[in-house]
Amino acid sequence: MDYRKELANYIFPEIKETIEDLEKRYPERELKEGAKVTRFAPSPTGFLHTGSLFTSLVAYKMAKDTGGIFYLRLEDTDTKREVEGSAELLIKQLHDFNIIPNEGYLGKTENGIYGPYVQSKRKNLYEIVIKGMLEKGLAYPCFLSEEDLKTLREEQTKNKEITGVYGKYAKYRDLDPELALKMIKEGKDYVIRFKSSGNHLNKIKCHDEIRGDLELTENDQDIVIYKSDGLPTYHFAHVVDDHFMRTNLVTRGEEWLSSLPIHLELFKALGFKAPKYAHLPVIMKLDNGNRRKLSKRKDKEASVDYFLKEGYEPQSLLVYLMTIVNSNYEDFIVTSKDYDLDHFKMSLKKMSLDGALFDNGKLDFYAKEILAKMKKEEIAKKAHNWANIYCPELKEFIEKDEARFKEILNIEREKKNPRKDYAKYSDIYPVIKFFDHDTFVKMCDETKFEFNENISKDVIKNFLNEYKNRGFALDLDENNWFNNVKEAASKCGFCVDNKLYKEDPSKWIGNTNDACEIIRIVVSLRKVTPNLFSIMKILGTDEINFRIEKAIQCL
Ligand code: GLU
């Protein structure tokens with residue numbers, strides 16, 4: 001009597017298929033030379049972490065650059081940590097970043113012939129493989145209780161030994177299958193463990209696509225592969241999934257590197273060809289001079305939601321993350337001024353191994369460049385889309401007069417070196433809200449016109465009246481508009497000849513810059529703005545007259 005078979009049949013009576021059947025059901029992919037099949041395998045435990053966006057970007061790019069496949073698999077076997085709705089949120093956020101899988105779990109549905117792509121729906125597959133392992137003696141039921149494991153751990157710690165279930169401590173690994181069957185029939189609780197043939201005194205050679213050749217301690221732990229709740233563990237499930245989904249490159253966080261020997265041993269025991277592995281560095285943060293991992297709890301930048309809410313153009317964050325992935329990407333940008341990630345070929349070999357520090361300043365630098373490069377229509381449309389969700393004030397502002405909004409965004413945009421005022425869409429409204437009449441009136445109630453205190457109120461009033469009376473020359477070109485400002489200024493005692501002014505500034509009440517500053521403050525309540533002529537043209541004569549009146553009243 002083959003008790004191993006009997007045992008396997010008793011545990012999995014419904015399972016008729018074999019590993020060989022699965023090999024047929026999920027055929028090798030037909031790929032062109034060098035094409036990578038990669039995946040993003042999130043667990044639905046909350047929002048999309050910036051580190052996960054980084055990982056998914058690498059997987060996505062590796063597939064895209066090689067003409068391969070990037071798919072999404074949902075790893076939801078840890079039911080205790082699952083957060084409702086987070087799977088859909090993750091998919092949506094990936095979409096927001098334009099990281100769109102070719103295949104896999106899509107939210108409510110899925111796409112592809114290597115599914116199901118949700119681990120909780122793959123129970124049957126795991127059971128087929130485990131049944132095969134039981135039959136071959138590669139796995140066994142283990143009856144160690146939580147209490148037994150606790151005692152074992154304490155004893156091992158006391159003896160300064162490696163903890164866990166291995167070697168002589170794997171009490172049930174050589175139990176006669178007939179006896180094991182009897183215990184199961186009697187209702188004893190059990191899990192199924194992998195029967196390791198390794199020894200922790202040995203080293204194994206392995207290769208990481210980023211770190212190169214490595215020597216790691218051989219695995220000898222009889223890890224749990226099938227929990228008492230009937231679900232597989234990550235170690236086992238990912239081996240089965242990556243094999244039958246025909247993944248050839250696993251890109252994942254470096255926290256998994258220490259488990260690589262377990263995974264490689266499982267692949268070998270099952271007779272599966274292991275994929276290549278790339279363990280990605282974690283993103284760090286400088287905290288009081290110390291480096292630490294980006295923390296969900298402490299850092300707003302840990303969640304991609306923060307960037308979406310703030311209105312960072314998703315591409316900006318991706319470009320920034322790519323500078324972390326490959327240091328030569330920055331050289332590429334400097335020479336090409338091209339922010340299209342599709343035009344850059346990423347290389348895992350060029351990835352730095354030190355956890356990269358998240359640098360908000362650098363992100364803003366690229367974010368400003370990217371927004372400054374957009375045409376007015378594009379930035380207006382994207383800002384509008386963002387405002388629809390996140391900023392009712394900006395939405396209202398835009399919808400009052402869309403054409404005007406575009407003109408405002410277009411100020412100094414078409415120049416060789418466009419202005420870089422905005423890193424994110426949330427920067428726009430505070431800068432432009434003064435254009436709105438009602439908002440301007442409200443702002444006047446809340447704040448003062450902060451004129452240069454060295455110029456007397458009478459001089460300012462006099463200048464404003466003069467300027468108002470002669471008109472603003474908005475129908476002329478910028479030079480003539482400026483000449484008109486200068487004439488008004490000169491008439492009121494400002495020096496409009498720079499050379500003369502420099503010789504002895506004390507002789508004058510101010511110069512052309514001072515006069516322009518007065519106008520700027522009157523029309524915008526700000527000392528720094530984009531091009532004044534453009535602002536005034538957009539505001540128009542009536543509105544400027546109103547603002548000058550208002551300022552004169554306040555003086
Ligand atoms: N579900 C695992 C995690 O979220 C995936 C690791 C992997 O990519 O293999 O860490």
# chains A, B, ... in the order shown; residues from 1 in each chain; ligands from 1

$ select_by_dssp --residues "region 68-304 of chain A" --states "helix (DSSP H, G or I)" --output "PyMOL selection string"
chain A and resi 79-81+86-96+119-121+123-136+146-158+167-169+177-185+234-244+254-270+300-302+304

$ residues_around --residues "Glu178 (chain A)" --least-positions-apart "2" --cutoff "9 Å" --atoms "only C-alpha atoms" --output "list in words"
Asp2, Tyr3, Arg4, Glu6, Leu7, Leu175, Asp176, Ala180, Leu181, Lys182 and Met183 of chain A

$ write_last_selection --atoms "all heavy atoms" --output "short mmCIF file (atom, residue, chain, number, x, y, z; two decimals), in the first residue's frame"
data_model
loop_
_atom_site.label_atom_id
_atom_site.label_comp_id
_atom_site.auth_asym_id
_atom_site.auth_seq_id
_atom_site.Cartn_x
_atom_site.Cartn_y
_atom_site.Cartn_z
N ASP A 2 0.62 2.18 -0.93
CA ASP A 2 1.40 3.42 -0.96
C ASP A 2 0.72 4.44 -0.05
O ASP A 2 -0.24 5.11 -0.42
CB ASP A 2 1.48 3.94 -2.42
CG ASP A 2 2.35 5.16 -2.52
OD1 ASP A 2 2.66 5.76 -1.47
OD2 ASP A 2 2.72 5.53 -3.66
N TYR A 3 1.22 4.53 1.20
CA TYR A 3 0.57 5.40 2.18
C TYR A 3 0.72 6.88 1.86
O TYR A 3 -0.09 7.69 2.27
CB TYR A 3 1.06 5.07 3.60
CG TYR A 3 0.33 3.87 4.14
CD1 TYR A 3 0.95 2.64 4.24
CD2 TYR A 3 -1.01 3.99 4.55
CE1 TYR A 3 0.27 1.52 4.70
CE2 TYR A 3 -1.70 2.89 5.02
CZ TYR A 3 -1.06 1.65 5.09
OH TYR A 3 -1.75 0.57 5.55
N ARG A 4 1.81 7.21 1.11
CA ARG A 4 1.96 8.63 0.74
C ARG A 4 0.81 9.04 -0.17
O ARG A 4 0.21 10.11 -0.01
CB ARG A 4 3.26 8.80 -0.04
CG ARG A 4 4.43 9.05 0.86
CD ARG A 4 5.51 9.66 -0.02
NE ARG A 4 6.80 9.50 0.58
CZ ARG A 4 7.90 9.19 -0.08
NH1 ARG A 4 7.85 8.94 -1.37
NH2 ARG A 4 9.04 9.10 0.53
N GLU A 6 -2.06 7.53 -0.45
CA GLU A 6 -3.29 7.43 0.36
C GLU A 6 -3.50 8.72 1.16
O GLU A 6 -4.59 9.29 1.19
CB GLU A 6 -3.09 6.25 1.33
CG GLU A 6 -4.26 5.94 2.19
CD GLU A 6 -5.09 4.80 1.59
OE1 GLU A 6 -4.89 4.45 0.42
OE2 GLU A 6 -5.90 4.27 2.31
N LEU A 7 -2.41 9.17 1.77
CA LEU A 7 -2.44 10.39 2.57
C LEU A 7 -2.83 11.58 1.68
O LEU A 7 -3.72 12.39 2.02
CB LEU A 7 -1.05 10.61 3.17
CG LEU A 7 -0.79 11.87 3.99
CD1 LEU A 7 -1.55 11.81 5.30
CD2 LEU A 7 0.70 12.01 4.30
N LEU A 175 7.85 11.15 9.77
CA LEU A 175 6.78 10.32 10.34
C LEU A 175 6.22 9.39 9.27
O LEU A 175 6.01 9.79 8.12
CB LEU A 175 5.65 11.25 10.86
CG LEU A 175 4.48 10.56 11.55
CD1 LEU A 175 4.92 10.01 12.91
CD2 LEU A 175 3.33 11.56 11.76
N ASP A 176 6.01 8.18 9.67
CA ASP A 176 5.44 7.20 8.74
C ASP A 176 4.12 7.74 8.19
O ASP A 176 3.22 8.12 8.96
CB ASP A 176 5.18 5.92 9.56
CG ASP A 176 4.80 4.76 8.68
OD1 ASP A 176 4.29 5.05 7.56
OD2 ASP A 176 5.00 3.61 9.08
N ALA A 180 0.73 9.31 9.98
CA ALA A 180 0.26 10.68 9.72
C ALA A 180 -1.21 10.64 9.30
O ALA A 180 -2.05 11.41 9.78
CB ALA A 180 1.11 11.32 8.63
N LEU A 181 -1.53 9.69 8.43
CA LEU A 181 -2.90 9.54 7.95
C LEU A 181 -3.84 9.25 9.12
O LEU A 181 -4.92 9.84 9.23
CB LEU A 181 -2.93 8.39 6.92
CG LEU A 181 -4.25 8.12 6.22
CD1 LEU A 181 -4.74 9.36 5.50
CD2 LEU A 181 -4.10 6.98 5.21
N LYS A 182 -3.37 8.40 9.99
CA LYS A 182 -4.18 8.04 11.15
C LYS A 182 -4.46 9.29 12.01
O LYS A 182 -5.59 9.55 12.42
CB LYS A 182 -3.43 6.97 11.97
CG LYS A 182 -4.21 6.36 13.07
CD LYS A 182 -3.54 5.07 13.56
CE LYS A 182 -4.08 4.67 14.92
NZ LYS A 182 -3.40 5.31 16.03
N MET A 183 -3.41 10.09 12.23
CA MET A 183 -3.58 11.28 13.07
C MET A 183 -4.56 12.27 12.42
O MET A 183 -5.38 12.89 13.10
CB MET A 183 -2.23 11.97 13.30
CG MET A 183 -1.34 11.19 14.25
SD MET A 183 0.35 11.79 14.27
CE MET A 183 0.22 13.18 15.36
#

$ residues_near_ligand --ligand "ligand 1" --cutoff "8 Å" --atoms "only C-alpha atoms and all ligand atoms" --output "PyMOL selection string"
chain A and resi 39-43+52+74-76+234+238+250-253+256

$ write_last_selection --atoms "N, CA and C atoms" --output "PDB file, in the first residue's frame"
ATOM      1  N   ARG A  39       6.029  40.975 -13.391  1.00  0.00           N
ATOM      2  CA  ARG A  39       4.727  41.154 -12.754  1.00  0.00           C
ATOM      3  C   ARG A  39       4.827  42.113 -11.588  1.00  0.00           C
ATOM      4  N   PHE A  40       3.670  42.661 -11.253  1.00  0.00           N
ATOM      5  CA  PHE A  40       3.537  43.418 -10.023  1.00  0.00           C
ATOM      6  C   PHE A  40       2.557  42.598  -9.197  1.00  0.00           C
ATOM      7  N   ALA A  41       2.950  42.306  -7.955  1.00  0.00           N
ATOM      8  CA  ALA A  41       2.154  41.357  -7.166  1.00  0.00           C
ATOM      9  C   ALA A  41       1.768  41.953  -5.815  1.00  0.00           C
ATOM     10  N   PRO A  42       0.923  42.971  -5.835  1.00  0.00           N
ATOM     11  CA  PRO A  42       0.606  43.629  -4.561  1.00  0.00           C
ATOM     12  C   PRO A  42      -0.323  42.797  -3.686  1.00  0.00           C
ATOM     13  N   SER A  43      -0.223  43.041  -2.394  1.00  0.00           N
ATOM     14  CA  SER A  43      -1.199  42.473  -1.468  1.00  0.00           C
ATOM     15  C   SER A  43      -2.193  43.587  -1.156  1.00  0.00           C
ATOM     16  N   SER A  52       6.045  50.655  -3.731  1.00  0.00           N
ATOM     17  CA  SER A  52       5.412  49.693  -4.645  1.00  0.00           C
ATOM     18  C   SER A  52       5.282  50.287  -6.049  1.00  0.00           C
ATOM     19  N   LEU A  74      -2.813  39.547  -7.908  1.00  0.00           N
ATOM     20  CA  LEU A  74      -3.205  40.015  -6.582  1.00  0.00           C
ATOM     21  C   LEU A  74      -2.876  38.933  -5.556  1.00  0.00           C
ATOM     22  N   GLU A  75      -2.066  39.288  -4.574  1.00  0.00           N
ATOM     23  CA  GLU A  75      -1.637  38.296  -3.582  1.00  0.00           C
ATOM     24  C   GLU A  75      -2.442  38.507  -2.302  1.00  0.00           C
ATOM     25  N   ASP A  76      -3.568  37.840  -2.254  1.00  0.00           N
ATOM     26  CA  ASP A  76      -4.526  38.110  -1.178  1.00  0.00           C
ATOM     27  C   ASP A  76      -4.714  36.914  -0.246  1.00  0.00           C
ATOM     28  N   TYR A 234       3.152  32.802   1.112  1.00  0.00           N
ATOM     29  CA  TYR A 234       3.756  33.554  -0.004  1.00  0.00           C
ATOM     30  C   TYR A 234       4.870  32.754  -0.676  1.00  0.00           C
ATOM     31  N   HIS A 238       4.085  32.039  -4.576  1.00  0.00           N
ATOM     32  CA  HIS A 238       4.746  32.790  -5.652  1.00  0.00           C
ATOM     33  C   HIS A 238       5.523  31.852  -6.571  1.00  0.00           C
ATOM     34  N   VAL A 250      11.560  38.193 -11.882  1.00  0.00           N
ATOM     35  CA  VAL A 250      10.836  38.655 -10.692  1.00  0.00           C
ATOM     36  C   VAL A 250      11.554  39.903 -10.165  1.00  0.00           C
ATOM     37  N   THR A 251      10.838  41.016 -10.131  1.00  0.00           N
ATOM     38  CA  THR A 251      11.409  42.237  -9.537  1.00  0.00           C
ATOM     39  C   THR A 251      10.619  42.489  -8.258  1.00  0.00           C
ATOM     40  N   ARG A 252      11.293  42.517  -7.147  1.00  0.00           N
ATOM     41  CA  ARG A 252      10.572  42.692  -5.883  1.00  0.00           C
ATOM     42  C   ARG A 252      11.485  43.383  -4.870  1.00  0.00           C
ATOM     43  N   GLY A 253      10.923  43.763  -3.751  1.00  0.00           N
ATOM     44  CA  GLY A 253      11.680  44.504  -2.737  1.00  0.00           C
ATOM     45  C   GLY A 253      12.794  43.667  -2.132  1.00  0.00           C
ATOM     46  N   TRP A 256      12.928  40.555   0.390  1.00  0.00           N
ATOM     47  CA  TRP A 256      12.762  39.146   0.039  1.00  0.00           C
ATOM     48  C   TRP A 256      14.081  38.444  -0.287  1.00  0.00           C
TER      49      TRP A 256
END

$ closest_residue --among "A:Lys80, A:His207, A:Lys368, A:Lys150" --to "His279 (chain A)" --atoms "only C-alpha atoms"
A:His207

$ residues_around --residues "His343 (chain A)" --least-positions-apart "4" --cutoff "12 Å" --atoms "only C-alpha atoms" --output "list in words"
Lys61, Lys64, Asp65, Val319, Tyr329, Phe332, Ile333, Ser336, Lys337, Asp338 and Tyr339 of chain A

$ residues_around --residues "Asn484 (chain A)" --least-positions-apart "2" --cutoff "9 Å" --atoms "only C-alpha atoms" --output "list in words"
Tyr467, Arg470, Gly471, Phe472, Ala473, Asn479, Asn480, Trp481, Phe482, Lys486, Glu487, Ala488 and Ala489 of chain A

$ closest_residue --among "A:Lys550, A:Arg246, A:Arg413, A:Lys376" --to "Arg29 (chain A)" --atoms "only C-alpha atoms"
A:Arg246

$ residues_around --residues "Lys5 (chain A)" --least-positions-apart "4" --cutoff "8 Å" --atoms "only C-alpha atoms" --output "short mmCIF file (atom, residue, chain, number, x, y, z; two decimals) with N, CA, C and O atoms, in the first residue's frame"
data_model
loop_
_atom_site.label_atom_id
_atom_site.label_comp_id
_atom_site.auth_asym_id
_atom_site.auth_seq_id
_atom_site.Cartn_x
_atom_site.Cartn_y
_atom_site.Cartn_z
N ASN A 9 -4.39 11.59 -1.11
CA ASN A 9 -5.79 11.46 -1.54
C ASN A 9 -6.77 11.79 -0.44
O ASN A 9 -7.83 12.35 -0.67
N LEU A 134 3.17 15.85 -1.82
CA LEU A 134 2.93 14.84 -0.77
C LEU A 134 3.22 13.45 -1.31
O LEU A 134 3.85 12.61 -0.65
N GLU A 135 2.75 13.23 -2.53
CA GLU A 135 2.95 11.90 -3.13
C GLU A 135 4.43 11.58 -3.31
O GLU A 135 4.87 10.45 -3.15
#

$ residues_around --residues "region 345-349 of chain A" --least-positions-apart "2" --cutoff "9 Å" --atoms "only C-alpha atoms" --output "ChimeraX atom specification"
/A:58,61-62,65,209-212,278,322,325-326,329,341-343,351-352

$ residues_around --residues "Phe397 (chain A)" --least-positions-apart "3" --cutoff "12 Å" --atoms "only C-alpha atoms" --output "compact mmCIF listing (two decimals) with all heavy atoms, in the first residue's frame"
# COMPACT_ATOMS: atom_id res chain seq x y z
N ALA A 380 -3.82 73.21 -19.08
CA ALA A 380 -5.15 73.69 -18.64
C ALA A 380 -6.09 72.50 -18.46
O ALA A 380 -6.83 72.41 -17.47
CB ALA A 380 -5.71 74.67 -19.67
N ALA A 383 -4.97 70.41 -15.40
CA ALA A 383 -5.25 71.12 -14.15
C ALA A 383 -6.76 71.07 -13.87
O ALA A 383 -7.19 70.90 -12.73
CB ALA A 383 -4.78 72.56 -14.26
N HIS A 384 -7.55 71.19 -14.93
CA HIS A 384 -9.01 71.14 -14.78
C HIS A 384 -9.44 69.76 -14.26
O HIS A 384 -10.23 69.65 -13.31
CB HIS A 384 -9.67 71.45 -16.13
CG HIS A 384 -11.11 71.80 -16.01
ND1 HIS A 384 -11.86 72.26 -17.07
CD2 HIS A 384 -11.98 71.77 -14.96
CE1 HIS A 384 -13.09 72.49 -16.66
NE2 HIS A 384 -13.20 72.19 -15.39
N ALA A 387 -8.54 69.61 -10.70
CA ALA A 387 -9.40 70.49 -9.88
C ALA A 387 -10.79 69.88 -9.69
O ALA A 387 -11.40 70.01 -8.62
CB ALA A 387 -9.49 71.86 -10.52
N ASN A 388 -11.27 69.20 -10.72
CA ASN A 388 -12.60 68.56 -10.61
C ASN A 388 -12.68 67.65 -9.40
O ASN A 388 -13.71 67.51 -8.77
CB ASN A 388 -12.87 67.70 -11.85
CG ASN A 388 -13.31 68.55 -13.01
OD1 ASN A 388 -13.77 69.67 -12.81
ND2 ASN A 388 -13.18 68.03 -14.23
N CYS A 391 -9.91 70.26 -6.06
CA CYS A 391 -9.84 71.69 -5.69
C CYS A 391 -11.03 72.47 -6.23
O CYS A 391 -10.99 72.98 -7.36
CB CYS A 391 -8.52 72.27 -6.19
SG CYS A 391 -8.26 73.98 -5.72
N PRO A 392 -12.12 72.56 -5.44
CA PRO A 392 -13.32 73.25 -5.93
C PRO A 392 -13.07 74.72 -6.30
O PRO A 392 -13.66 75.22 -7.26
CB PRO A 392 -14.30 73.15 -4.77
CG PRO A 392 -13.58 72.50 -3.64
CD PRO A 392 -12.28 71.97 -4.12
N GLU A 393 -12.16 75.38 -5.58
CA GLU A 393 -11.91 76.81 -5.91
C GLU A 393 -11.34 76.94 -7.31
O GLU A 393 -11.75 77.80 -8.09
CB GLU A 393 -10.90 77.45 -4.94
CG GLU A 393 -11.37 77.58 -3.53
CD GLU A 393 -10.80 76.46 -2.67
OE1 GLU A 393 -10.53 75.36 -3.21
OE2 GLU A 393 -10.66 76.67 -1.46
N LEU A 394 -10.36 76.08 -7.61
CA LEU A 394 -9.75 76.19 -8.94
C LEU A 394 -10.77 75.79 -10.01
O LEU A 394 -10.85 76.40 -11.07
CB LEU A 394 -8.49 75.30 -9.03
CG LEU A 394 -7.77 75.35 -10.39
CD1 LEU A 394 -7.27 76.76 -10.69
CD2 LEU A 394 -6.59 74.38 -10.44
N LYS A 400 -15.48 79.60 -14.77
CA LYS A 400 -15.98 80.96 -15.02
C LYS A 400 -15.54 81.44 -16.40
O LYS A 400 -16.27 82.13 -17.09
CB LYS A 400 -15.41 81.92 -13.97
CG LYS A 400 -16.37 82.27 -12.87
CD LYS A 400 -15.80 83.41 -12.04
CE LYS A 400 -16.60 83.58 -10.78
NZ LYS A 400 -15.92 84.46 -9.84
N ASP A 401 -14.32 81.10 -16.77
CA ASP A 401 -13.80 81.57 -18.06
C ASP A 401 -12.58 80.74 -18.46
O ASP A 401 -11.44 81.05 -18.12
CB ASP A 401 -13.42 83.06 -17.92
CG ASP A 401 -13.08 83.68 -19.27
OD1 ASP A 401 -12.78 82.92 -20.20
OD2 ASP A 401 -13.10 84.91 -19.36
N GLU A 402 -12.86 79.66 -19.19
CA GLU A 402 -11.78 78.73 -19.53
C GLU A 402 -10.72 79.35 -20.42
O GLU A 402 -9.53 79.07 -20.27
CB GLU A 402 -12.36 77.49 -20.22
CG GLU A 402 -12.96 76.54 -19.23
CD GLU A 402 -13.03 75.12 -19.76
OE1 GLU A 402 -11.97 74.54 -20.08
OE2 GLU A 402 -14.15 74.62 -19.83
N ALA A 403 -11.18 80.21 -21.35
CA ALA A 403 -10.22 80.81 -22.28
C ALA A 403 -9.25 81.68 -21.49
O ALA A 403 -8.03 81.68 -21.74
CB ALA A 403 -10.96 81.62 -23.32
N ARG A 404 -9.79 82.41 -20.53
CA ARG A 404 -8.93 83.28 -19.74
C ARG A 404 -7.93 82.44 -18.92
O ARG A 404 -6.76 82.77 -18.81
CB ARG A 404 -9.79 84.13 -18.80
CG ARG A 404 -8.95 85.15 -18.05
CD ARG A 404 -9.77 85.99 -17.12
NE ARG A 404 -10.28 85.17 -16.02
CZ ARG A 404 -10.63 85.67 -14.83
NH1 ARG A 404 -10.58 86.97 -14.63
NH2 ARG A 404 -11.09 84.88 -13.89
N PHE A 405 -8.42 81.31 -18.38
CA PHE A 405 -7.53 80.44 -17.60
C PHE A 405 -6.33 80.00 -18.46
O PHE A 405 -5.18 80.03 -18.02
CB PHE A 405 -8.33 79.22 -17.12
CG PHE A 405 -7.52 78.23 -16.34
CD1 PHE A 405 -6.83 78.61 -15.21
CD2 PHE A 405 -7.44 76.89 -16.74
CE1 PHE A 405 -6.07 77.69 -14.48
CE2 PHE A 405 -6.70 75.97 -16.03
CZ PHE A 405 -6.01 76.38 -14.89
N LYS A 406 -6.62 79.65 -19.70
CA LYS A 406 -5.54 79.23 -20.60
C LYS A 406 -4.56 80.37 -20.83
O LYS A 406 -3.35 80.17 -20.85
CB LYS A 406 -6.11 78.79 -21.94
CG LYS A 406 -6.60 77.38 -21.92
CD LYS A 406 -6.98 76.92 -23.30
CE LYS A 406 -7.96 75.77 -23.17
NZ LYS A 406 -8.83 75.60 -24.29
N ILE A 408 -3.93 82.80 -18.86
CA ILE A 408 -3.14 83.02 -17.64
C ILE A 408 -1.99 82.02 -17.59
O ILE A 408 -0.84 82.35 -17.33
CB ILE A 408 -4.03 82.90 -16.38
CG1 ILE A 408 -5.08 84.01 -16.37
CG2 ILE A 408 -3.18 82.93 -15.12
CD1 ILE A 408 -6.16 83.85 -15.30
N ILE A 428 -1.16 76.18 -8.56
CA ILE A 428 -1.69 77.16 -9.51
C ILE A 428 -2.63 78.17 -8.86
O ILE A 428 -2.44 79.39 -8.99
CB ILE A 428 -2.40 76.45 -10.70
CG1 ILE A 428 -1.37 75.60 -11.46
CG2 ILE A 428 -3.07 77.45 -11.61
CD1 ILE A 428 -1.95 74.81 -12.63
N TYR A 429 -3.63 77.67 -8.15
CA TYR A 429 -4.67 78.57 -7.67
C TYR A 429 -4.12 79.70 -6.79
O TYR A 429 -4.45 80.88 -7.03
CB TYR A 429 -5.78 77.79 -6.95
CG TYR A 429 -6.93 78.68 -6.57
CD1 TYR A 429 -7.70 79.31 -7.54
CD2 TYR A 429 -7.23 78.93 -5.23
CE1 TYR A 429 -8.74 80.17 -7.19
CE2 TYR A 429 -8.26 79.78 -4.87
CZ TYR A 429 -9.01 80.39 -5.85
OH TYR A 429 -10.02 81.24 -5.52
N PRO A 430 -3.27 79.41 -5.81
CA PRO A 430 -2.77 80.52 -4.98
C PRO A 430 -2.07 81.60 -5.80
O PRO A 430 -2.14 82.77 -5.46
CB PRO A 430 -1.77 79.84 -4.03
CG PRO A 430 -2.14 78.41 -4.04
CD PRO A 430 -2.75 78.11 -5.37
N ILE A 432 -2.74 82.42 -9.03
CA ILE A 432 -3.56 83.11 -10.04
C ILE A 432 -4.88 83.63 -9.50
O ILE A 432 -5.63 84.29 -10.22
CB ILE A 432 -3.84 82.20 -11.26
CG1 ILE A 432 -4.76 81.05 -10.85
CG2 ILE A 432 -2.55 81.68 -11.87
CD1 ILE A 432 -5.38 80.36 -12.05
N LYS A 433 -5.19 83.33 -8.25
CA LYS A 433 -6.55 83.66 -7.78
C LYS A 433 -6.84 85.15 -7.84
O LYS A 433 -7.99 85.55 -7.99
CB LYS A 433 -6.80 83.09 -6.39
CG LYS A 433 -5.92 83.63 -5.31
CD LYS A 433 -6.28 82.98 -3.99
CE LYS A 433 -5.42 83.55 -2.88
NZ LYS A 433 -5.61 82.92 -1.62
N PHE A 434 -5.80 86.00 -7.78
CA PHE A 434 -6.04 87.44 -7.80
C PHE A 434 -6.69 87.91 -9.10
O PHE A 434 -7.26 88.99 -9.17
CB PHE A 434 -4.73 88.21 -7.55
CG PHE A 434 -3.77 88.17 -8.71
CD1 PHE A 434 -3.93 89.04 -9.79
CD2 PHE A 434 -2.72 87.27 -8.73
CE1 PHE A 434 -3.05 89.01 -10.86
CE2 PHE A 434 -1.85 87.23 -9.80
CZ PHE A 434 -2.01 88.09 -10.88
N PHE A 435 -6.62 87.09 -10.15
CA PHE A 435 -7.25 87.49 -11.42
C PHE A 435 -8.77 87.61 -11.27
O PHE A 435 -9.41 88.37 -11.97
CB PHE A 435 -6.96 86.45 -12.51
CG PHE A 435 -5.62 86.63 -13.16
CD1 PHE A 435 -4.52 85.90 -12.73
CD2 PHE A 435 -5.45 87.54 -14.20
CE1 PHE A 435 -3.28 86.07 -13.33
CE2 PHE A 435 -4.21 87.71 -14.81
CZ PHE A 435 -3.12 86.98 -14.37
N ASP A 436 -9.32 86.84 -10.35
CA ASP A 436 -10.78 86.84 -10.20
C ASP A 436 -11.23 88.07 -9.42
O ASP A 436 -10.71 88.35 -8.33
CB ASP A 436 -11.18 85.55 -9.47
CG ASP A 436 -12.68 85.50 -9.30
OD1 ASP A 436 -13.39 85.42 -10.32
OD2 ASP A 436 -13.15 85.58 -8.14
N HIS A 437 -12.20 88.78 -9.95
CA HIS A 437 -12.63 90.04 -9.35
C HIS A 437 -13.07 89.86 -7.89
O HIS A 437 -12.58 90.54 -6.98
CB HIS A 437 -13.77 90.63 -10.19
CG HIS A 437 -14.36 91.87 -9.60
ND1 HIS A 437 -13.82 93.12 -9.82
CD2 HIS A 437 -15.41 92.06 -8.76
CE1 HIS A 437 -14.52 94.02 -9.15
NE2 HIS A 437 -15.49 93.39 -8.50
N ASP A 438 -14.00 88.93 -7.69
CA ASP A 438 -14.55 88.77 -6.33
C ASP A 438 -13.47 88.33 -5.35
O ASP A 438 -13.45 88.76 -4.20
CB ASP A 438 -15.68 87.74 -6.33
CG ASP A 438 -16.84 88.22 -7.18
OD1 ASP A 438 -16.89 89.44 -7.47
OD2 ASP A 438 -17.67 87.38 -7.59
N THR A 439 -12.60 87.44 -5.83
CA THR A 439 -11.54 86.95 -4.95
C THR A 439 -10.60 88.10 -4.61
O THR A 439 -10.16 88.24 -3.47
CB THR A 439 -10.77 85.80 -5.63
OG1 THR A 439 -11.72 84.88 -6.12
CG2 THR A 439 -9.81 85.12 -4.68

$ select_by_dssp --residues "region 269-411 of chain A" --states "strand (DSSP E or B)" --output "ChimeraX atom specification"
/A:276-280,283-287,290-293,303,356-357

$ closest_residue --among "A:Thr50, A:Lys491, A:Glu407, A:Tyr390" --to "Met284 (chain A)" --atoms "only C-alpha atoms"
A:Thr50

$ closest_residue --among "A:Gly198, A:Pro281, A:Gly311, A:Gly289" --to "Pro261 (chain A)" --atoms "only C-alpha atoms"
A:Gly198

$ closest_residue --among "A:Phe451, A:Tyr320, A:Phe365, A:Phe546" --to "Asp421 (chain A)" --atoms "only C-alpha atoms"
A:Phe365

$ atom_distance --atom1 "CA of Ala35 (chain A)" --atom2 "CA of Ile69 (chain A)"
7.8 Å

$ closest_residue --among "A:Ile128, A:Val304, A:Leu22, A:Leu179" --to "Leu90 (chain A)" --atoms "only C-alpha atoms"
A:Val304

$ atom_distance --atom1 "CA of Tyr172 (chain A)" --atom2 "CA of His200 (chain A)"
19.4 Å

$ atom_distance --atom1 "CA of Lys203 (chain A)" --atom2 "CA of Glu215 (chain A)"
6.0 Å
